[in-house]
file query-v8.txt (compact mmCIF, C-alpha atoms)
# COMPACT_ATOMS: atom_id res chain seq x y z
CA MET R 90 -54.53 -22.99 -66.07
CA GLY R 91 -51.11 -23.23 -67.74
CA ILE R 92 -50.31 -22.63 -71.37
CA TYR R 93 -49.32 -26.22 -71.84
CA SER R 94 -50.17 -29.25 -69.69
CA VAL R 95 -49.42 -32.96 -70.02
CA GLY R 96 -50.23 -36.04 -68.07
CA ARG R 97 -48.92 -37.05 -64.69
CA GLY R 98 -45.15 -37.24 -64.50
CA GLU R 99 -44.62 -34.59 -67.21
CA PRO R 100 -43.58 -30.98 -66.78
CA ARG R 101 -46.17 -28.29 -66.22
CA LEU R 102 -45.60 -24.61 -67.13
CA GLY R 103 -47.37 -21.74 -65.45
CA ALA R 104 -49.14 -18.98 -67.34
CA SER R 105 -46.13 -16.71 -67.11
CA GLY R 106 -43.84 -19.25 -68.67
CA LEU R 107 -41.11 -18.33 -66.19
CA GLY R 108 -42.03 -20.29 -63.08
CA THR R 109 -42.02 -24.07 -63.94
CA ARG R 110 -42.81 -26.93 -61.67
CA TYR R 111 -41.22 -30.31 -62.22
CA ARG R 112 -42.44 -33.62 -60.78
CA SER R 113 -41.11 -37.18 -61.47
CA ALA R 114 -43.67 -39.86 -62.27
CA PRO R 115 -43.89 -42.79 -59.82
CA GLY R 116 -41.98 -45.77 -61.04
CA SER R 117 -39.92 -43.88 -63.60
CA ARG R 118 -36.61 -45.43 -64.54
CA SER R 119 -34.55 -42.27 -63.94
CA GLY R 120 -34.83 -38.51 -63.88
CA SER R 121 -33.09 -38.18 -67.26
CA THR R 122 -36.19 -39.08 -69.26
CA ASP R 123 -38.30 -36.61 -67.35
CA TRP R 124 -35.62 -33.93 -67.77
CA ARG R 125 -35.67 -34.40 -71.55
CA GLN R 126 -39.43 -34.04 -71.52
CA TYR R 127 -39.09 -30.89 -69.47
CA GLN R 128 -36.63 -29.37 -71.98
CA GLU R 129 -38.91 -30.34 -74.87
CA ALA R 130 -41.87 -28.71 -73.12
CA ARG R 131 -39.78 -25.57 -72.53
CA ARG R 132 -38.84 -25.43 -76.21
CA CYS R 133 -42.52 -25.73 -77.04
CA HIS R 134 -43.26 -22.85 -74.70
CA LEU R 135 -40.63 -20.71 -76.44
CA GLY R 136 -42.48 -21.14 -79.71
CA ARG R 137 -40.81 -24.09 -81.42
CA ARG R 138 -43.06 -26.69 -83.08
CA TRP R 139 -42.29 -30.21 -81.91
CA LYS R 140 -43.74 -33.76 -81.90
CA ARG R 141 -43.44 -36.03 -78.91
CA SER R 142 -43.23 -39.84 -79.42
CA GLY R 143 -43.52 -42.51 -76.78
CA ARG R 144 -45.86 -45.03 -75.25
CA ARG R 145 -48.55 -42.39 -75.07
CA SER R 146 -50.36 -41.12 -78.09
CA ALA R 147 -48.50 -38.55 -80.15
CA GLU R 148 -49.13 -34.90 -79.26
CA THR R 149 -48.24 -31.79 -81.20
CA CYS R 150 -47.43 -28.47 -79.49
CA VAL R 151 -48.55 -25.34 -81.37
CA PRO R 152 -46.97 -22.09 -80.23
CA THR R 153 -49.35 -19.50 -78.85
CA ARG R 154 -49.20 -15.68 -79.25
CA LEU R 155 -47.90 -15.19 -75.74
CA SER R 156 -45.09 -17.70 -76.15
CA PHE R 157 -44.07 -15.97 -79.38
CA LEU R 158 -43.84 -12.64 -77.60
CA GLY R 159 -41.83 -14.28 -74.84
CA SER R 160 -39.39 -15.52 -77.45
CA ALA R 161 -39.03 -12.03 -78.93
CA VAL R 162 -38.41 -10.48 -75.54
CA SER R 163 -35.77 -13.07 -74.67
CA ALA R 164 -34.07 -12.58 -78.02
CA GLN R 165 -33.49 -8.82 -77.73
CA PRO R 166 -33.97 -6.33 -74.87
CA PRO R 167 -36.60 -3.65 -75.57
CA LEU R 168 -35.45 -0.17 -76.46
CA SER R 169 -37.38 1.31 -73.54
CA SER R 170 -34.97 -0.28 -71.06
CA GLN R 171 -31.72 0.89 -72.69
CA CYS R 172 -29.62 3.50 -70.92
CA PRO R 173 -27.25 5.96 -72.65
CA PRO R 174 -23.60 5.10 -71.94
CA MET R 175 -22.84 8.41 -70.20
CA CYS R 176 -25.90 8.33 -67.93
CA GLU R 177 -27.33 6.61 -64.89
CA CYS R 178 -30.81 5.16 -65.22
CA SER R 179 -33.39 3.86 -62.76
CA GLU R 180 -36.43 2.30 -64.35
CA ALA R 181 -38.11 1.91 -60.96
CA ALA R 182 -37.81 5.65 -60.29
CA ARG R 183 -38.38 6.57 -63.97
CA THR R 184 -35.25 8.73 -63.75
CA VAL R 185 -32.24 9.31 -66.00
CA LYS R 186 -29.24 11.33 -64.78
CA CYS R 187 -26.57 12.60 -67.20
CA VAL R 188 -24.84 14.94 -64.76
CA ASN R 189 -21.42 16.57 -65.26
CA ARG R 190 -20.61 14.46 -68.32
CA ASN R 191 -19.50 17.31 -70.63
CA LEU R 192 -22.24 16.41 -73.09
CA THR R 193 -22.52 18.70 -76.11
CA GLU R 194 -25.95 17.47 -77.21
CA VAL R 195 -28.97 15.69 -75.79
CA PRO R 196 -28.44 11.88 -75.82
CA ALA R 197 -30.34 10.26 -78.68
CA ASP R 198 -31.04 6.89 -77.03
CA LEU R 199 -32.99 7.96 -73.96
CA PRO R 200 -35.24 5.22 -72.55
CA LEU R 201 -38.95 5.64 -73.19
CA TYR R 202 -39.86 5.19 -69.53
CA VAL R 203 -38.02 8.36 -68.45
CA ARG R 204 -40.14 10.73 -66.40
CA ASN R 205 -37.38 12.78 -64.72
CA LEU R 206 -34.39 13.77 -66.85
CA PHE R 207 -31.32 15.54 -65.40
CA LEU R 208 -28.85 17.04 -67.89
CA THR R 209 -27.10 19.40 -65.48
CA GLY R 210 -23.46 20.47 -65.56
CA ASN R 211 -22.82 19.80 -69.26
CA HIS R 212 -21.67 21.85 -72.29
CA LEU R 213 -24.79 21.89 -74.44
CA ALA R 214 -24.33 25.52 -75.65
CA VAL R 215 -27.21 25.37 -78.17
CA LEU R 216 -30.59 23.68 -77.86
CA PRO R 217 -31.87 23.27 -81.44
CA ALA R 218 -35.42 22.76 -82.64
CA GLY R 219 -36.70 19.28 -81.83
CA ALA R 220 -33.84 18.55 -79.46
CA PHE R 221 -36.00 15.95 -77.67
CA ALA R 222 -37.90 14.60 -80.68
CA ARG R 223 -37.85 10.78 -80.72
CA ARG R 224 -39.77 7.95 -82.40
CA PRO R 225 -41.68 6.90 -80.45
CA PRO R 226 -41.77 10.18 -78.46
CA LEU R 227 -40.73 10.59 -74.84
CA ALA R 228 -44.37 10.68 -73.83
CA GLU R 229 -43.72 10.19 -70.09
CA LEU R 230 -41.11 12.94 -69.62
CA ALA R 231 -42.55 15.34 -67.03
CA ALA R 232 -39.52 17.04 -65.40
CA LEU R 233 -36.51 18.31 -67.38
CA ASN R 234 -33.52 19.88 -65.62
CA LEU R 235 -30.94 21.65 -67.82
CA SER R 236 -29.43 23.77 -65.04
CA GLY R 237 -25.80 24.81 -65.35
CA SER R 238 -25.26 23.32 -68.82
CA ARG R 239 -23.74 26.47 -70.37
CA LEU R 240 -26.69 27.00 -72.66
CA VAL R 241 -26.36 30.17 -74.72
CA GLU R 242 -29.12 29.73 -77.30
CA VAL R 243 -32.56 28.11 -77.19
CA HIS R 244 -34.12 27.83 -80.64
CA ALA R 245 -37.78 27.81 -81.62
CA GLY R 246 -39.46 24.45 -80.96
CA ALA R 247 -36.64 23.18 -78.74
CA PHE R 248 -39.16 21.49 -76.40
CA ASP R 249 -41.56 20.17 -79.02
CA HIS R 250 -42.67 16.50 -78.90
CA LEU R 251 -42.77 16.46 -75.09
CA PRO R 252 -46.53 16.23 -74.47
CA SER R 253 -46.23 15.57 -70.71
CA LEU R 254 -43.54 18.14 -69.82
CA ARG R 255 -44.63 19.93 -66.64
CA GLN R 256 -41.40 21.27 -65.09
CA LEU R 257 -38.53 22.93 -66.99
CA ASP R 258 -35.39 24.22 -65.29
CA LEU R 259 -33.07 26.44 -67.38
CA SER R 260 -31.43 28.18 -64.43
CA HIS R 261 -27.71 29.07 -64.20
CA ASN R 262 -27.24 29.29 -67.97
CA PRO R 263 -25.94 32.44 -69.77
CA LEU R 264 -28.88 32.62 -72.17
CA ALA R 265 -27.94 35.32 -74.67
CA ASN R 266 -30.56 34.27 -77.20
CA ILE R 267 -33.96 32.84 -76.34
CA SER R 268 -36.22 32.51 -79.36
CA PRO R 269 -39.69 34.07 -78.97
CA PHE R 270 -41.00 30.63 -79.93
CA ALA R 271 -38.78 28.66 -77.54
CA PHE R 272 -41.76 27.49 -75.46
CA SER R 273 -44.49 27.69 -78.08
CA GLY R 274 -42.75 26.02 -81.00
CA ASN R 275 -43.26 27.26 -84.52
CA ASN R 276 -47.02 27.08 -84.07
CA THR R 277 -48.34 30.27 -82.50
CA SER R 278 -51.95 29.11 -82.48
CA ALA R 279 -53.69 29.82 -79.20
CA SER R 280 -55.39 26.41 -79.40
CA VAL R 281 -52.12 24.50 -78.76
CA PRO R 282 -50.86 25.59 -75.31
CA SER R 283 -47.65 24.34 -73.78
CA PRO R 284 -48.10 21.67 -71.08
CA LEU R 285 -45.61 23.50 -68.84
CA ASP R 286 -46.72 24.01 -65.25
CA GLU R 287 -43.45 25.33 -63.76
CA LEU R 288 -40.71 27.33 -65.49
CA ILE R 289 -37.43 28.17 -63.73
CA LEU R 290 -35.40 30.97 -65.33
CA ASN R 291 -33.26 32.30 -62.49
CA HIS R 292 -29.58 33.20 -62.94
CA ILE R 293 -29.83 33.28 -66.74
CA VAL R 294 -28.40 36.74 -67.41
CA PRO R 295 -25.59 36.53 -70.02
CA PRO R 296 -22.37 38.58 -70.11
CA ALA R 297 -22.91 42.21 -71.13
CA ASP R 298 -20.78 41.95 -74.28
CA GLN R 299 -23.04 39.25 -75.72
CA LEU R 300 -26.11 41.47 -75.28
CA LEU R 301 -24.35 44.42 -76.90
CA LYS R 302 -23.63 42.32 -79.98
CA GLN R 303 -27.35 41.54 -80.35
CA ASN R 304 -28.39 45.16 -79.71
CA ARG R 305 -31.46 44.31 -77.62
CA SER R 306 -32.40 44.27 -73.97
CA PHE R 307 -32.35 41.12 -71.90
CA GLN R 308 -35.69 41.98 -70.29
CA GLY R 309 -37.33 42.36 -73.70
CA MET R 310 -35.98 39.04 -74.92
CA VAL R 311 -37.37 37.17 -71.91
CA ALA R 312 -40.71 38.98 -72.17
CA ALA R 313 -41.06 38.00 -75.83
CA ALA R 314 -40.50 34.33 -75.02
CA LEU R 315 -43.10 34.44 -72.22
CA ARG R 316 -45.89 36.07 -74.19
CA THR R 317 -45.53 34.81 -77.78
CA GLY R 318 -48.36 32.64 -79.03
CA HIS R 319 -50.26 32.50 -75.71
CA ALA R 320 -48.41 29.20 -75.21
CA LEU R 321 -47.83 29.56 -71.47
CA ARG R 322 -51.38 30.41 -70.47
CA GLU R 323 -51.48 27.28 -68.27
CA LEU R 324 -48.20 28.12 -66.48
CA ARG R 325 -48.62 28.18 -62.70
CA SER R 326 -45.12 28.93 -61.39
CA LEU R 327 -42.48 31.29 -62.84
CA ASP R 328 -39.04 31.98 -61.32
CA LEU R 329 -37.18 35.01 -62.71
CA GLY R 330 -34.96 35.64 -59.70
CA SER R 331 -31.34 36.85 -59.75
CA ASN R 332 -31.37 38.23 -63.30
CA GLN R 333 -30.36 41.87 -62.64
CA PHE R 334 -33.67 43.17 -64.00
CA LEU R 335 -33.88 46.95 -63.67
CA TYR R 336 -37.51 47.00 -64.77
CA LEU R 337 -40.24 44.70 -66.04
CA PRO R 338 -41.64 45.29 -69.54
CA ARG R 339 -45.23 46.47 -69.57
CA ASP R 340 -46.76 43.27 -70.98
CA VAL R 341 -44.37 40.63 -69.64
CA LEU R 342 -47.18 39.03 -67.57
CA ALA R 343 -50.04 39.73 -69.95
CA GLN R 344 -50.28 36.17 -71.32
CA LEU R 345 -49.90 34.29 -68.02
CA PRO R 346 -53.46 34.29 -66.60
CA SER R 347 -53.06 31.01 -64.67
CA LEU R 348 -49.96 32.08 -62.76
CA ARG R 349 -50.00 31.17 -59.05
CA HIS R 350 -46.41 31.83 -57.99
CA LEU R 351 -44.12 34.59 -59.29
CA ASP R 352 -40.55 34.93 -58.00
CA LEU R 353 -38.70 38.18 -58.78
CA ARG R 354 -36.37 38.27 -55.81
CA ASN R 355 -32.73 39.37 -55.94
CA ASN R 356 -33.04 41.59 -59.00
CA SER R 357 -32.44 45.34 -59.29
CA LEU R 358 -36.02 46.50 -59.76
CA VAL R 359 -36.38 50.18 -58.85
CA SER R 360 -40.07 50.53 -59.66
CA LEU R 361 -43.19 48.56 -60.59
CA THR R 362 -44.88 51.50 -62.30
CA TYR R 363 -44.97 50.02 -65.80
CA VAL R 364 -45.89 46.39 -65.05
CA SER R 365 -49.48 45.32 -64.49
CA PHE R 366 -50.67 42.53 -62.18
CA ARG R 367 -54.35 43.06 -62.98
CA ASN R 368 -54.84 39.88 -65.02
CA LEU R 369 -53.13 37.59 -62.46
CA THR R 370 -56.37 36.83 -60.65
CA TYR R 371 -55.12 33.47 -59.32
CA LEU R 372 -51.77 34.74 -58.04
CA GLU R 373 -50.96 33.33 -54.60
CA SER R 374 -47.39 34.47 -53.93
CA LEU R 375 -45.30 37.37 -55.24
CA HIS R 376 -41.65 37.55 -54.12
CA LEU R 377 -40.00 40.98 -54.45
CA GLU R 378 -37.30 40.63 -51.80
CA ASP R 379 -33.77 41.97 -52.30
CA ASN R 380 -34.53 44.48 -55.03
CA ALA R 381 -34.00 48.26 -55.24
CA LEU R 382 -37.61 49.34 -54.64
CA LYS R 383 -37.91 52.77 -53.00
CA VAL R 384 -41.70 53.16 -52.89
CA LEU R 385 -44.85 51.55 -54.28
CA HIS R 386 -47.20 54.06 -55.87
CA ASN R 387 -50.97 54.16 -55.64
CA GLY R 388 -51.63 52.39 -58.95
CA THR R 389 -49.49 49.41 -57.98
CA LEU R 390 -50.98 49.29 -54.48
CA ALA R 391 -54.51 49.20 -55.89
CA GLU R 392 -53.69 46.35 -58.29
CA LEU R 393 -52.05 44.28 -55.56
CA GLN R 394 -54.95 44.84 -53.18
CA GLY R 395 -57.32 43.65 -55.88
CA LEU R 396 -55.69 40.19 -55.98
CA ALA R 397 -57.84 38.04 -53.71
CA HIS R 398 -55.35 35.30 -52.78
CA VAL R 399 -51.92 36.90 -53.06
CA ARG R 400 -49.19 36.93 -50.40
CA LEU R 401 -46.62 39.67 -50.94
CA PHE R 402 -42.98 39.58 -49.79
CA LEU R 403 -41.10 42.94 -49.70
CA ASP R 404 -38.13 42.38 -47.39
CA ASN R 405 -34.66 43.92 -47.92
CA ASN R 406 -35.58 46.84 -50.17
CA PRO R 407 -34.09 50.37 -49.65
CA TRP R 408 -37.33 52.19 -48.82
CA VAL R 409 -37.08 56.00 -48.98
CA CYS R 410 -39.18 57.46 -46.19
CA ASP R 411 -40.13 60.89 -47.46
CA CYS R 412 -43.44 62.52 -48.35
CA HIS R 413 -43.94 60.12 -51.28
CA MET R 414 -44.08 57.19 -48.85
CA ALA R 415 -47.21 58.42 -47.02
CA ASP R 416 -49.72 56.46 -49.14
CA MET R 417 -47.73 53.25 -48.91
CA VAL R 418 -47.42 53.54 -45.11
CA ASP R 419 -51.19 54.00 -44.77
CA TRP R 420 -51.75 51.01 -47.06
CA LEU R 421 -49.35 48.82 -45.07
CA LYS R 422 -51.22 49.57 -41.86
CA GLU R 423 -54.51 48.38 -43.39
CA THR R 424 -53.58 45.49 -45.67
CA GLU R 425 -53.03 41.86 -44.66
CA ILE R 426 -51.40 40.60 -47.85
CA VAL R 427 -47.84 41.72 -47.00
CA GLN R 428 -45.96 38.98 -45.17
CA GLY R 429 -43.61 40.14 -42.42
CA LYS R 430 -44.53 43.80 -42.87
CA ALA R 431 -43.32 44.57 -39.36
CA ARG R 432 -39.75 43.94 -40.60
CA LEU R 433 -39.86 46.66 -43.28
CA THR R 434 -37.63 49.61 -42.37
CA CYS R 435 -36.43 52.87 -43.91
CA ALA R 436 -33.06 53.09 -45.64
CA PHE R 437 -33.11 56.83 -46.49
CA PRO R 438 -32.84 59.62 -45.45
CA GLU R 439 -30.19 59.22 -42.80
CA LYS R 440 -32.35 60.54 -39.98
CA MET R 441 -35.01 57.90 -40.77
CA ARG R 442 -32.70 54.92 -41.20
CA ASN R 443 -33.90 51.68 -39.55
CA ARG R 444 -37.24 53.24 -38.62
CA VAL R 445 -40.08 50.69 -38.94
CA LEU R 446 -42.54 51.69 -41.66
CA LEU R 447 -45.58 50.69 -39.61
CA GLU R 448 -44.53 53.07 -36.83
CA LEU R 449 -44.30 56.15 -39.04
CA ASN R 450 -46.78 59.02 -38.95
CA SER R 451 -47.52 61.57 -41.64
CA SER R 452 -45.58 64.17 -39.63
CA ASP R 453 -42.45 62.00 -39.92
CA LEU R 454 -42.57 61.98 -43.70
CA ASP R 455 -41.36 65.17 -45.35
CA CYS R 456 -39.52 66.07 -48.51
CA ASP R 457 -36.84 68.44 -47.18
CA PRO R 458 -33.94 68.53 -49.65
CA ILE R 459 -31.47 67.36 -47.02
CA LEU R 460 -28.57 65.59 -48.63
CA PRO R 461 -26.56 62.89 -46.89
CA PRO R 462 -23.43 64.23 -45.13
CA SER R 463 -21.11 62.40 -47.50
CA LEU R 464 -22.81 64.00 -50.50
CA GLN R 465 -22.72 67.41 -48.83
CA THR R 466 -18.98 67.05 -48.26
CA SER R 467 -18.47 66.10 -51.91
CA TYR R 468 -20.30 69.19 -53.13
CA VAL R 469 -18.33 71.48 -50.78
CA PHE R 470 -15.03 70.02 -51.97
CA LEU R 471 -16.10 70.44 -55.62
CA GLY R 472 -16.99 74.10 -54.98
CA ILE R 473 -13.61 74.79 -53.40
CA VAL R 474 -11.75 73.24 -56.34
CA LEU R 475 -13.73 75.25 -58.89
CA ALA R 476 -13.11 78.47 -56.92
CA LEU R 477 -9.35 77.84 -56.90
CA ILE R 478 -9.31 77.20 -60.63
CA GLY R 479 -11.21 80.45 -61.24
CA ALA R 480 -8.89 82.43 -59.02
CA ILE R 481 -5.80 81.12 -60.80
CA PHE R 482 -7.30 81.95 -64.18
CA LEU R 483 -8.03 85.55 -63.13
CA LEU R 484 -4.54 85.91 -61.70
CA VAL R 485 -2.98 84.84 -64.99
CA LEU R 486 -5.10 87.36 -66.85
CA TYR R 487 -4.09 90.16 -64.50
CA LEU R 488 -0.37 89.45 -64.74
CA ASN R 489 -0.50 89.45 -68.53
CA ARG R 490 -2.84 92.40 -68.90
CA LYS R 491 -0.39 94.50 -71.02
CA GLY R 492 0.44 91.70 -73.35
CA ILE R 493 -3.21 90.81 -73.66
CA LYS R 494 -4.08 94.46 -74.42
CA LYS R 495 -1.42 94.65 -77.16
CA TRP R 496 -2.61 91.34 -78.60
CA MET R 497 -6.18 92.62 -78.71
CA HIS R 498 -5.04 95.82 -80.56
CA ASN R 499 -3.13 93.78 -83.13
CA ILE R 500 -6.17 91.63 -83.76
CA ARG R 501 -8.34 94.73 -84.13
CA ASP R 502 -5.94 96.30 -86.69
CA ALA R 503 -5.70 93.11 -88.68
CA CYS R 504 -9.48 92.79 -88.81
CA ARG R 505 -9.78 96.48 -89.88
CA ASP R 506 -7.30 96.06 -92.78
CA HIS R 507 -9.08 92.93 -93.90
CA MET R 508 -12.47 94.58 -93.88
CA GLU R 509 -11.13 97.63 -95.82
CA GLY R 510 -9.87 95.33 -98.56
CA TYR R 511 -13.28 93.72 -98.86
CA HIS R 512 -14.90 97.17 -98.95
CA TYR R 513 -12.58 98.37 -101.79
CA ARG R 514 -13.33 95.31 -103.94
CA TYR R 515 -17.03 95.79 -103.39
CA GLU R 516 -16.88 99.43 -104.60
CA ILE R 517 -14.99 98.48 -107.76
CA ASN R 518 -17.44 95.72 -108.61
CA ALA R 519 -20.43 98.00 -107.99
CA ASP R 520 -19.29 100.85 -110.36
CA PRO R 521 -19.05 99.84 -114.11
CA ARG R 522 -16.68 102.71 -114.89
CA LEU R 523 -14.25 101.62 -112.27
CA THR R 524 -14.55 98.11 -113.57
CA ASN R 525 -13.60 99.19 -117.14
CA LEU R 526 -10.78 101.32 -115.80
CA SER R 527 -9.47 98.41 -113.85
CA SER R 528 -9.63 96.24 -116.99
CA ASN R 529 -7.77 98.79 -119.16
CA SER R 530 -5.12 99.25 -116.56
CA ASP R 531 -4.61 95.51 -116.53
CA VAL R 532 -4.19 95.51 -120.29
call {"tool": "encode", "arguments": {"input": "query-v8.txt", "output": "structure tokens"}}
result
Amino acid sequence: MGIYSVGRGEPRLGASGLGTRYRSAPGSRSGSTDWRQYQEARRCHLGRRWKRSGRRSAETCVPTRLSFLGSAVSAQPPLSSQCPPMCECSEAARTVKCVNRNLTEVPADLPLYVRNLFLTGNHLAVLPAGAFARRPPLAELAALNLSGSRLVEVHAGAFDHLPSLRQLDLSHNPLANISPFAFSGNNTSASVPSPLDELILNHIVPPADQLLKQNRSFQGMVAAALRTGHALRELRSLDLGSNQFLYLPRDVLAQLPSLRHLDLRNNSLVSLTYVSFRNLTYLESLHLEDNALKVLHNGTLAELQGLAHVRLFLDNNPWVCDCHMADMVDWLKETEIVQGKARLTCAFPEKMRNRVLLELNSSDLDCDPILPPSLQTSYVFLGIVLALIGAIFLLVLYLNRKGIKKWMHNIRDACRDHMEGYHYRYEINADPRLTNLSSNSDV
């Protein structure tokens, strides 16, 4: 039933107020009268009080709540549908793209419907506290991409007021300063976890000079941001690839018990001795490809084997196949968690290069101190150079032996005269009579 209805020959408005049906009454003089009635009915629907006069009894139209709202909507577009001038918006896809616009700060007039926000390729530099705080808040924002925006600093509470944020991409930014409270805000209470489900932090290593100015390690800075306040205990996916990590701090993963996927590929990790995977009971994939791992020791092997669901990726590491590799080779032959383990080959020593780890026996693995030929050649050349320098030095001494002997005698005589003078002064000072005699002679 419509909001407003009249007798036959008068306009009828549907419940939406947008689709109207118009019919002319039989025997009407012209369509102009009916058209005026239609316009009057439309004005009534838009919330204007009016009184109709004619042959019929007078009727008064009272605006309803819905028609009043319709009038407000037609008067001014809602804020939720506005789009920042430098961005592209799609309300149907709930997506806003502000890509390669040289923005220096987050746009203030983001639409409330945004669920996917792309701010890539800008010049943001600093992400201050409350950078996405709005009234009303961006309650639907679930995916935020800040990749390649030249971010250098992320302050505490930068991602506050985003209650639905699930995916955060900070990759390809030279992050020289990440606050320990960047993901937990200023509230370190364990009862207020971050909603983040996926965190992408690959290619975020800053220039070396910026780290030297701050006098702290890049690995330590990232570890502090990941563990402070227990905020990321619901995080399921973490990407730390391509950051030139030489090692992982001991407790970098201690506060990430829900982690399912950990990506550490394309770093420079030489060992996993200090990091613990024991608390990652739900871990499903661990990527360690393209690092500098030489061997995995027994403690690490035991922790990895204790993870019930993990899949381990170890390709493209320079494995050293000596006696220290024996335990790892035995473990590889028994375990099923290593993906593509048949592709793992030795890199050193030279005689073992390209040998498949699974095909090695204990007799193949020894610790003979055999150096690579290039290193042997370097040591031989260094020995020859040092021998020549020594021979030249001895030759110079031999040719100047007389002069050196005379010089040594002169030094000996000078030292003797000097010591005799000291001895004479000591005798005078020790004998009071000689002291008085010396005083009288001075007088």
call {"tool": "atom_distance", "arguments": {"input": "query-v8.txt", "atom1": "CA of His512 (chain R)", "atom2": "CA of Ile493 (chain R)"}}
result
28.6 Å
call {"tool": "atom_distance", "arguments": {"input": "query-v8.txt", "atom1": "CA of Val185 (chain R)", "atom2": "CA of Ala245 (chain R)"}}
result
24.8 Å
call {"tool": "atom_distance", "arguments": {"input": "query-v8.txt", "atom1": "CA of Ala297 (chain R)", "atom2": "CA of Leu403 (chain R)"}}
result
28.1 Å
call {"tool": "residues_around", "arguments": {"input": "query-v8.txt", "residues": "Pro263 (chain R)", "least_positions_apart": "6", "cutoff": "10 Å", "atoms": "all atoms listed in the file", "output": "list in words"}}
result
Ala214, Gly237, Ser238, Arg239, Leu240, Val241, Glu242, His292, Ile293, Val294, Pro295, Pro296 and Gln299 of chain R
call {"tool": "residues_near_point", "arguments": {"input": "query-v8.txt", "point": "(-38.8, 37.1, -56.9)", "cutoff": "6 Å", "atoms": "all atoms listed in the file", "output": "list of chain:residue names"}}
result
R:Gly330, R:Asp352, R:Leu353, R:Arg354, R:His376, R:Leu377
call {"tool": "residues_around", "arguments": {"input": "query-v8.txt", "residues": "region 307-318 of chain R", "least_positions_apart": "2", "cutoff": "9 Å", "atoms": "all atoms listed in the file", "output": "PyMOL selection string"}}
result
chain R and resi 265-274+276-279+281-282+294-295+300+305+320-322+334-338+340-345
call {"tool": "write_last_selection", "arguments": {"input": "query-v8.txt", "atoms": "C-alpha atoms", "output": "JSON list (two decimals), keeping the file's coordinate frame"}}
result
[["chain", "number", "residue", "atom", "x", "y", "z"],
["R", 265, "ALA", "CA", -27.94, 35.32, -74.67],
["R", 266, "ASN", "CA", -30.56, 34.27, -77.20],
["R", 267, "ILE", "CA", -33.96, 32.84, -76.34],
["R", 268, "SER", "CA", -36.22, 32.51, -79.36],
["R", 269, "PRO", "CA", -39.69, 34.07, -78.97],
["R", 270, "PHE", "CA", -41.00, 30.63, -79.93],
["R", 271, "ALA", "CA", -38.78, 28.66, -77.54],
["R", 272, "PHE", "CA", -41.76, 27.49, -75.46],
["R", 273, "SER", "CA", -44.49, 27.69, -78.08],
["R", 274, "GLY", "CA", -42.75, 26.02, -81.00],
["R", 276, "ASN", "CA", -47.02, 27.08, -84.07],
["R", 277, "THR", "CA", -48.34, 30.27, -82.50],
["R", 278, "SER", "CA", -51.95, 29.11, -82.48],
["R", 279, "ALA", "CA", -53.69, 29.82, -79.20],
["R", 281, "VAL", "CA", -52.12, 24.50, -78.76],
["R", 282, "PRO", "CA", -50.86, 25.59, -75.31],
["R", 294, "VAL", "CA", -28.40, 36.74, -67.41],
["R", 295, "PRO", "CA", -25.59, 36.53, -70.02],
["R", 300, "LEU", "CA", -26.11, 41.47, -75.28],
["R", 305, "ARG", "CA", -31.46, 44.31, -77.62],
["R", 320, "ALA", "CA", -48.41, 29.20, -75.21],
["R", 321, "LEU", "CA", -47.83, 29.56, -71.47],
["R", 322, "ARG", "CA", -51.38, 30.41, -70.47],
["R", 334, "PHE", "CA", -33.67, 43.17, -64.00],
["R", 335, "LEU", "CA", -33.88, 46.95, -63.67],
["R", 336, "TYR", "CA", -37.51, 47.00, -64.77],
["R", 337, "LEU", "CA", -40.24, 44.70, -66.04],
["R", 338, "PRO", "CA", -41.64, 45.29, -69.54],
["R", 340, "ASP", "CA", -46.76, 43.27, -70.98],
["R", 341, "VAL", "CA", -44.37, 40.63, -69.64],
["R", 342, "LEU", "CA", -47.18, 39.03, -67.57],
["R", 343, "ALA", "CA", -50.04, 39.73, -69.95],
["R", 344, "GLN", "CA", -50.28, 36.17, -71.32],
["R", 345, "LEU", "CA", -49.90, 34.29, -68.02]]
call {"tool": "residues_near_point", "arguments": {"input": "query-v8.txt", "point": "(-44.4, 47.4, -63.1)", "cutoff": "9 Å", "atoms": "only C-alpha atoms", "output": "PyMOL selection string"}}
result
chain R and resi 336-339+360-366+389
call {"tool": "residues_around", "arguments": {"input": "query-v8.txt", "residues": "region 442-449 of chain R", "least_positions_apart": "6", "cutoff": "12 Å", "atoms": "all atoms listed in the file", "output": "NGL selection string"}}
result
:R and (384 or 403-412 or 414-424 or 427 or 429-436 or 455 or 461)
call {"tool": "residues_around", "arguments": {"input": "query-v8.txt", "residues": "Pro226 (chain R)", "least_positions_apart": "3", "cutoff": "9 Å", "atoms": "all atoms listed in the file", "output": "PyMOL selection string"}}
result
chain R and resi 201+221-223+229+250-252
